[in-house]
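Visitor: Below is the structure I would like to discuss, written out as structure tokens.
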Amino acid sequence: MYNFIKYQKSKGIAFIYLNRPDMLNCFNKTMALELQEILDYCDNDKEIRAVLLCGEGRAFCAGQDLQEATSGEFEIAEIVRNHYNPIINKIRNLSKPVVVAVNGVAAGAGANIALSGDIVFASDKASFIQAFSKIGLIPDSGGTYILPRLIGLQKASALMMLGDKLTANEAESMGLIYKVIEHDNLLSTAIATAEKLSNMPTSALALTKKLLNLSFTNTLQEQLNLEEQYQDLAGKTHDYQEGVHAFLEKREPIFRGE
Ligand code: T3D
């Protein structure tokens, strides 16, 4: 049982709901540490082959709990180092795909945690705010890394400096997220996607994610070398054998994730 997160595992999928709806699911220390623990669990549990992250209530997440941040209990650097940096590292390095369903406003660290997912859907009622500049902070939670890579330097600069609210449709057309979904269909779409992923060749997806993580910093040659190495690994999996045989036998493959 967790205090500020609802967690459930079912049919190969880990369902994670940020759960402080009265405060728009903003992060206090407990919630940040709980999310870290669950992400570790998802990484280590072989039965889990896809993760779904969503918010309870009308928001996805309003970032750092500003009451806690100003309580004098914590240094700001400590919050970033111990709460957000590990969350982003754990999501980006998780060996299973992370589907994010942004059900409402995603602000500050909440926006950047959403954007660190592998496949990000947003409700047509959702919005994204790089809220940091409005309170005199710099964008954290990997925002200065991921946002320019998603939408380019110019748009990232404007969003981060102005702190403007972006609608879900604007976010989709800029390339911030994968797709906008009608609010009432958001969860079912995200769950169907997680279900699909949980039946796919998990090892190959994990290797794909590693390659994508490195693709903006490696040279072409380094990336080609890694593709050779990882294809060799993928080619030695059960799921490769199964995928090829299923194709040749004109049937649906049954992947084990190995
Ligand atoms: O230590 C550090 O700070 C370093 C780490 C930084 C990481 C960060 O995330 S910095 C950015 C922090 N987040 C923000 O600045 C966003 C603050 N929230 C807002 O701007 C607005 O709440 C929203 C635009 C997200 C939503 O607006 P709206 O009008 O839909 O809702 P609301 O009325 O503002 O909020 C509803 C309640 O949630 C309200 O409480 P109340 O009046 O009902 O008792 C509000 O105070 C509370 N709430 C929302 N966000 C936070 C919060 N309480 C504490 N911290 C919050 N971040």
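Ordered as shown in the structure tokens, chains take letters A, B, and onward, while each chain numbers its residues from 1 and ligands are numbered from 1 in the order shown.
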Would you pick out the contacts of segment 101-109 of chain A at 8 Å or less, using only C-alpha atoms, so that residues sharing its chain but fewer than 2 positions from it are not included, and give the list as a PyMOL selection string?
Guide: chain A and resi 52-55+58-64+84+99+111-114+120-123+125-132+139-141+183+186-187+190
Visitor: For C-alpha atoms, I'd like the residues from the last selection saved as a PDB file, in the first residue's frame.
Guide:
```pdb
ATOM      1  CA  LEU A  52       1.076   2.891 -17.569  1.00  0.00           C
ATOM      2  CA  LEU A  53       1.373   6.213 -15.714  1.00  0.00           C
ATOM      3  CA  CYS A  54      -1.625   8.497 -15.168  1.00  0.00           C
ATOM      4  CA  GLY A  55      -2.992  10.982 -12.615  1.00  0.00           C
ATOM      5  CA  ARG A  58      -8.645  16.335 -12.850  1.00  0.00           C
ATOM      6  CA  ALA A  59      -4.850  16.782 -13.121  1.00  0.00           C
ATOM      7  CA  PHE A  60      -1.906  14.708 -14.231  1.00  0.00           C
ATOM      8  CA  CYS A  61       0.557  16.461 -11.907  1.00  0.00           C
ATOM      9  CA  ALA A  62       1.253  20.061 -10.826  1.00  0.00           C
ATOM     10  CA  GLY A  63       4.965  19.445 -10.192  1.00  0.00           C
ATOM     11  CA  GLN A  64       6.665  20.029  -6.889  1.00  0.00           C
ATOM     12  CA  TYR A  84      13.229  14.185  -9.639  1.00  0.00           C
ATOM     13  CA  VAL A  99       2.932   4.703 -21.595  1.00  0.00           C
ATOM     14  CA  ALA A 111       5.125  18.100 -17.336  1.00  0.00           C
ATOM     15  CA  ASN A 112       8.662  16.846 -17.706  1.00  0.00           C
ATOM     16  CA  ILE A 113       7.949  13.530 -16.002  1.00  0.00           C
ATOM     17  CA  ALA A 114       5.072  13.062 -18.476  1.00  0.00           C
ATOM     18  CA  VAL A 120       2.636   9.920 -24.351  1.00  0.00           C
ATOM     19  CA  PHE A 121      -1.099  10.315 -24.891  1.00  0.00           C
ATOM     20  CA  ALA A 122      -2.947  13.380 -23.644  1.00  0.00           C
ATOM     21  CA  SER A 123      -6.622  14.029 -23.050  1.00  0.00           C
ATOM     22  CA  LYS A 125      -8.628  18.517 -21.705  1.00  0.00           C
ATOM     23  CA  ALA A 126      -4.936  18.277 -20.773  1.00  0.00           C
ATOM     24  CA  SER A 127      -2.395  21.084 -20.849  1.00  0.00           C
ATOM     25  CA  PHE A 128       1.339  21.413 -20.428  1.00  0.00           C
ATOM     26  CA  ILE A 129       3.067  24.223 -18.549  1.00  0.00           C
ATOM     27  CA  GLN A 130       6.790  24.727 -18.093  1.00  0.00           C
ATOM     28  CA  ALA A 131       5.807  26.581 -14.928  1.00  0.00           C
ATOM     29  CA  PHE A 132       9.314  26.997 -13.507  1.00  0.00           C
ATOM     30  CA  PRO A 139      13.237  23.791 -15.759  1.00  0.00           C
ATOM     31  CA  ASP A 140      14.297  20.522 -14.117  1.00  0.00           C
ATOM     32  CA  SER A 141      13.292  16.867 -14.303  1.00  0.00           C
ATOM     33  CA  HIS A 183     -10.972  12.698 -22.734  1.00  0.00           C
ATOM     34  CA  LEU A 186      -7.939   8.417 -22.903  1.00  0.00           C
ATOM     35  CA  LEU A 187      -7.587   5.636 -20.390  1.00  0.00           C
ATOM     36  CA  ALA A 190      -3.602   4.036 -23.050  1.00  0.00           C
TER      37      ALA A 190
END
```
Visitor: From a DSSP pass on the backbone, collect the residues of segment 10-209 of chain A flagged as strand (DSSP E) and hand them back as JSON, numbers by chain.
Guide: {"A": [10, 13, 14, 15, 16, 17, 18, 50, 51, 52, 53, 54, 55, 59, 60, 61, 98, 99, 100, 101, 102, 105, 106, 107, 119, 120, 121, 122, 123, 127, 128, 129, 165, 166, 167, 179, 180, 181]}
Visitor: Excluding Ile48 of chain A and any residue of its chain fewer than 5 positions from it, enumerate the residues within 7 Å of it, using only C-alpha atoms, and give them as a list in words.
Guide: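 The residues that qualify are Gly12, Ile13, Ala14 and Cys42 of chain A.
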Visitor: Counting only C-alpha atoms, figure out which residue out of A:Pro86, A:Gly117, A:Pro21, A:Gly152 gets nearest to Asn213 of chain A.
Guide: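 Distance minimum relative to Asn213 of chain A lands on A:Gly117.
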Visitor: Excluding same-chain residues fewer than 2 positions from Ser198 of chain A, what lies within 10 Å of it counting only C-alpha atoms, as a list in words?
Guide: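 In the requested form, the answer reads Lys11, Gly12, Ile13, Ala14, Glu47, Ile48, Arg49, Ala50, Val51, Lys96, Pro97, Ala192, Thr193, Ala194, Glu195, Lys196, Met200, Pro201, Thr202, Phe255, Arg256 and Gly257 of chain A.
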Visitor: Restricting it to N, CA, C and O atoms, dump the selection as a compact mmCIF listing (two decimals), in the first residue's frame.
Guide:
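Contents of selection12.txt, freshly written:
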```txt
# COMPACT_ATOMS: atom_id res chain seq x y z
N LYS A 11 -2.14 -8.60 -15.65
CA LYS A 11 -1.88 -9.13 -16.99
C LYS A 11 -0.65 -8.50 -17.64
O LYS A 11 -0.73 -7.99 -18.78
N GLY A 12 0.43 -8.46 -16.92
CA GLY A 12 1.70 -7.98 -17.50
C GLY A 12 1.85 -6.48 -17.54
O GLY A 12 2.84 -5.96 -18.04
N ILE A 13 0.85 -5.76 -16.99
CA ILE A 13 0.94 -4.29 -17.01
C ILE A 13 0.97 -3.75 -15.58
O ILE A 13 0.21 -4.21 -14.72
N ALA A 14 1.85 -2.78 -15.34
CA ALA A 14 1.87 -2.07 -14.06
C ALA A 14 1.10 -0.77 -14.25
O ALA A 14 1.43 0.03 -15.13
N GLU A 47 7.35 -10.35 -14.78
CA GLU A 47 5.96 -10.47 -15.27
C GLU A 47 5.47 -9.15 -15.87
O GLU A 47 4.56 -9.14 -16.69
N ILE A 48 6.08 -8.04 -15.43
CA ILE A 48 5.63 -6.73 -15.94
C ILE A 48 6.32 -6.46 -17.27
O ILE A 48 7.54 -6.46 -17.37
N ARG A 49 5.51 -6.21 -18.30
CA ARG A 49 6.10 -5.98 -19.63
C ARG A 49 5.68 -4.64 -20.21
O ARG A 49 6.06 -4.30 -21.34
N ALA A 50 4.90 -3.87 -19.47
CA ALA A 50 4.57 -2.49 -19.88
C ALA A 50 4.09 -1.74 -18.64
O ALA A 50 3.54 -2.35 -17.71
N VAL A 51 4.31 -0.44 -18.64
CA VAL A 51 3.93 0.39 -17.50
C VAL A 51 3.02 1.50 -18.00
O VAL A 51 3.25 2.06 -19.08
N LYS A 96 11.22 -1.62 -19.72
CA LYS A 96 9.88 -1.89 -20.26
C LYS A 96 9.35 -0.55 -20.77
O LYS A 96 9.70 0.49 -20.22
N PRO A 97 8.49 -0.59 -21.79
CA PRO A 97 7.95 0.69 -22.27
C PRO A 97 7.02 1.35 -21.25
O PRO A 97 6.24 0.66 -20.57
N ALA A 192 -5.12 -0.02 -23.86
CA ALA A 192 -4.99 -0.89 -25.05
C ALA A 192 -3.56 -0.85 -25.58
O ALA A 192 -3.02 -1.88 -26.01
N THR A 193 -2.94 0.31 -25.53
CA THR A 193 -1.56 0.43 -26.02
C THR A 193 -0.61 -0.34 -25.10
O THR A 193 0.28 -1.06 -25.56
N ALA A 194 -0.82 -0.20 -23.77
CA ALA A 194 0.02 -0.94 -22.81
C ALA A 194 -0.17 -2.44 -23.00
O ALA A 194 0.78 -3.22 -22.94
N GLU A 195 -1.43 -2.84 -23.24
CA GLU A 195 -1.70 -4.28 -23.45
C GLU A 195 -0.96 -4.78 -24.69
O GLU A 195 -0.35 -5.84 -24.68
N LYS A 196 -1.03 -3.99 -25.74
CA LYS A 196 -0.34 -4.38 -26.99
C LYS A 196 1.16 -4.52 -26.71
O LYS A 196 1.78 -5.52 -27.08
N MET A 200 4.38 -7.78 -26.75
CA MET A 200 5.41 -7.63 -27.80
C MET A 200 6.77 -8.15 -27.29
O MET A 200 6.90 -8.52 -26.13
N PRO A 201 7.76 -8.20 -28.16
CA PRO A 201 9.07 -8.72 -27.74
C PRO A 201 9.79 -7.72 -26.81
O PRO A 201 10.48 -6.82 -27.27
N THR A 202 9.60 -7.91 -25.52
CA THR A 202 10.04 -6.94 -24.50
C THR A 202 11.54 -6.65 -24.57
O THR A 202 11.96 -5.49 -24.41
N PHE A 255 4.80 -13.89 -28.20
CA PHE A 255 6.07 -13.46 -27.63
C PHE A 255 6.07 -13.68 -26.13
O PHE A 255 5.07 -13.44 -25.45
N ARG A 256 7.24 -14.09 -25.62
CA ARG A 256 7.37 -14.31 -24.17
C ARG A 256 8.10 -13.16 -23.48
O ARG A 256 8.27 -13.16 -22.28
N GLY A 257 8.61 -12.25 -24.28
CA GLY A 257 9.38 -11.15 -23.69
C GLY A 257 10.81 -11.55 -23.39
O GLY A 257 11.51 -10.87 -22.66
```
Visitor: Segment 56-151 of chain A: which residues are helix (DSSP H, G or I) by DSSP, as a ChimeraX atom specification?
Guide: /A:66-69,76-93,109-115,131-135,143-151
Visitor: Check the smallest atom-to-atom distance from each of A:Arg149, A:Lys90, A:His83, A:His238 to Ile38 of chain A using only C-alpha atoms, then report the winner.
Guide: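 Closest to Ile38 of chain A, using only C-alpha atoms: A:Lys90.
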Visitor: In Å to one decimal, how far is atom CA of Phe4 of chain A from atom CA of Asn19 of chain A?
Guide: 4.8 Å
Visitor: Determine the nearest neighbour of Ile76 of chain A from the options A:Ile138, A:Leu147, A:Leu18, A:Leu39, counting only C-alpha atoms.
Guide: A:Ile138
Visitor: Any idea what's packed within 12 Å of Leu211 of chain A, counting only C-alpha atoms, ignoring anything in its chain fewer than 3 positions away? Could you give it as a PyMOL selection string?
Guide: chain A and resi 92-93+95+204-208+214-220+222-231
Visitor: Looking at A:Glu56, A:Glu182, A:Glu75, A:Asp232, which one is nearest to ligand 1, with distances taken over only C-alpha atoms and all ligand atoms?
Guide: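 Counting only C-alpha atoms and all ligand atoms, the residue closest to ligand 1 is A:Glu75.
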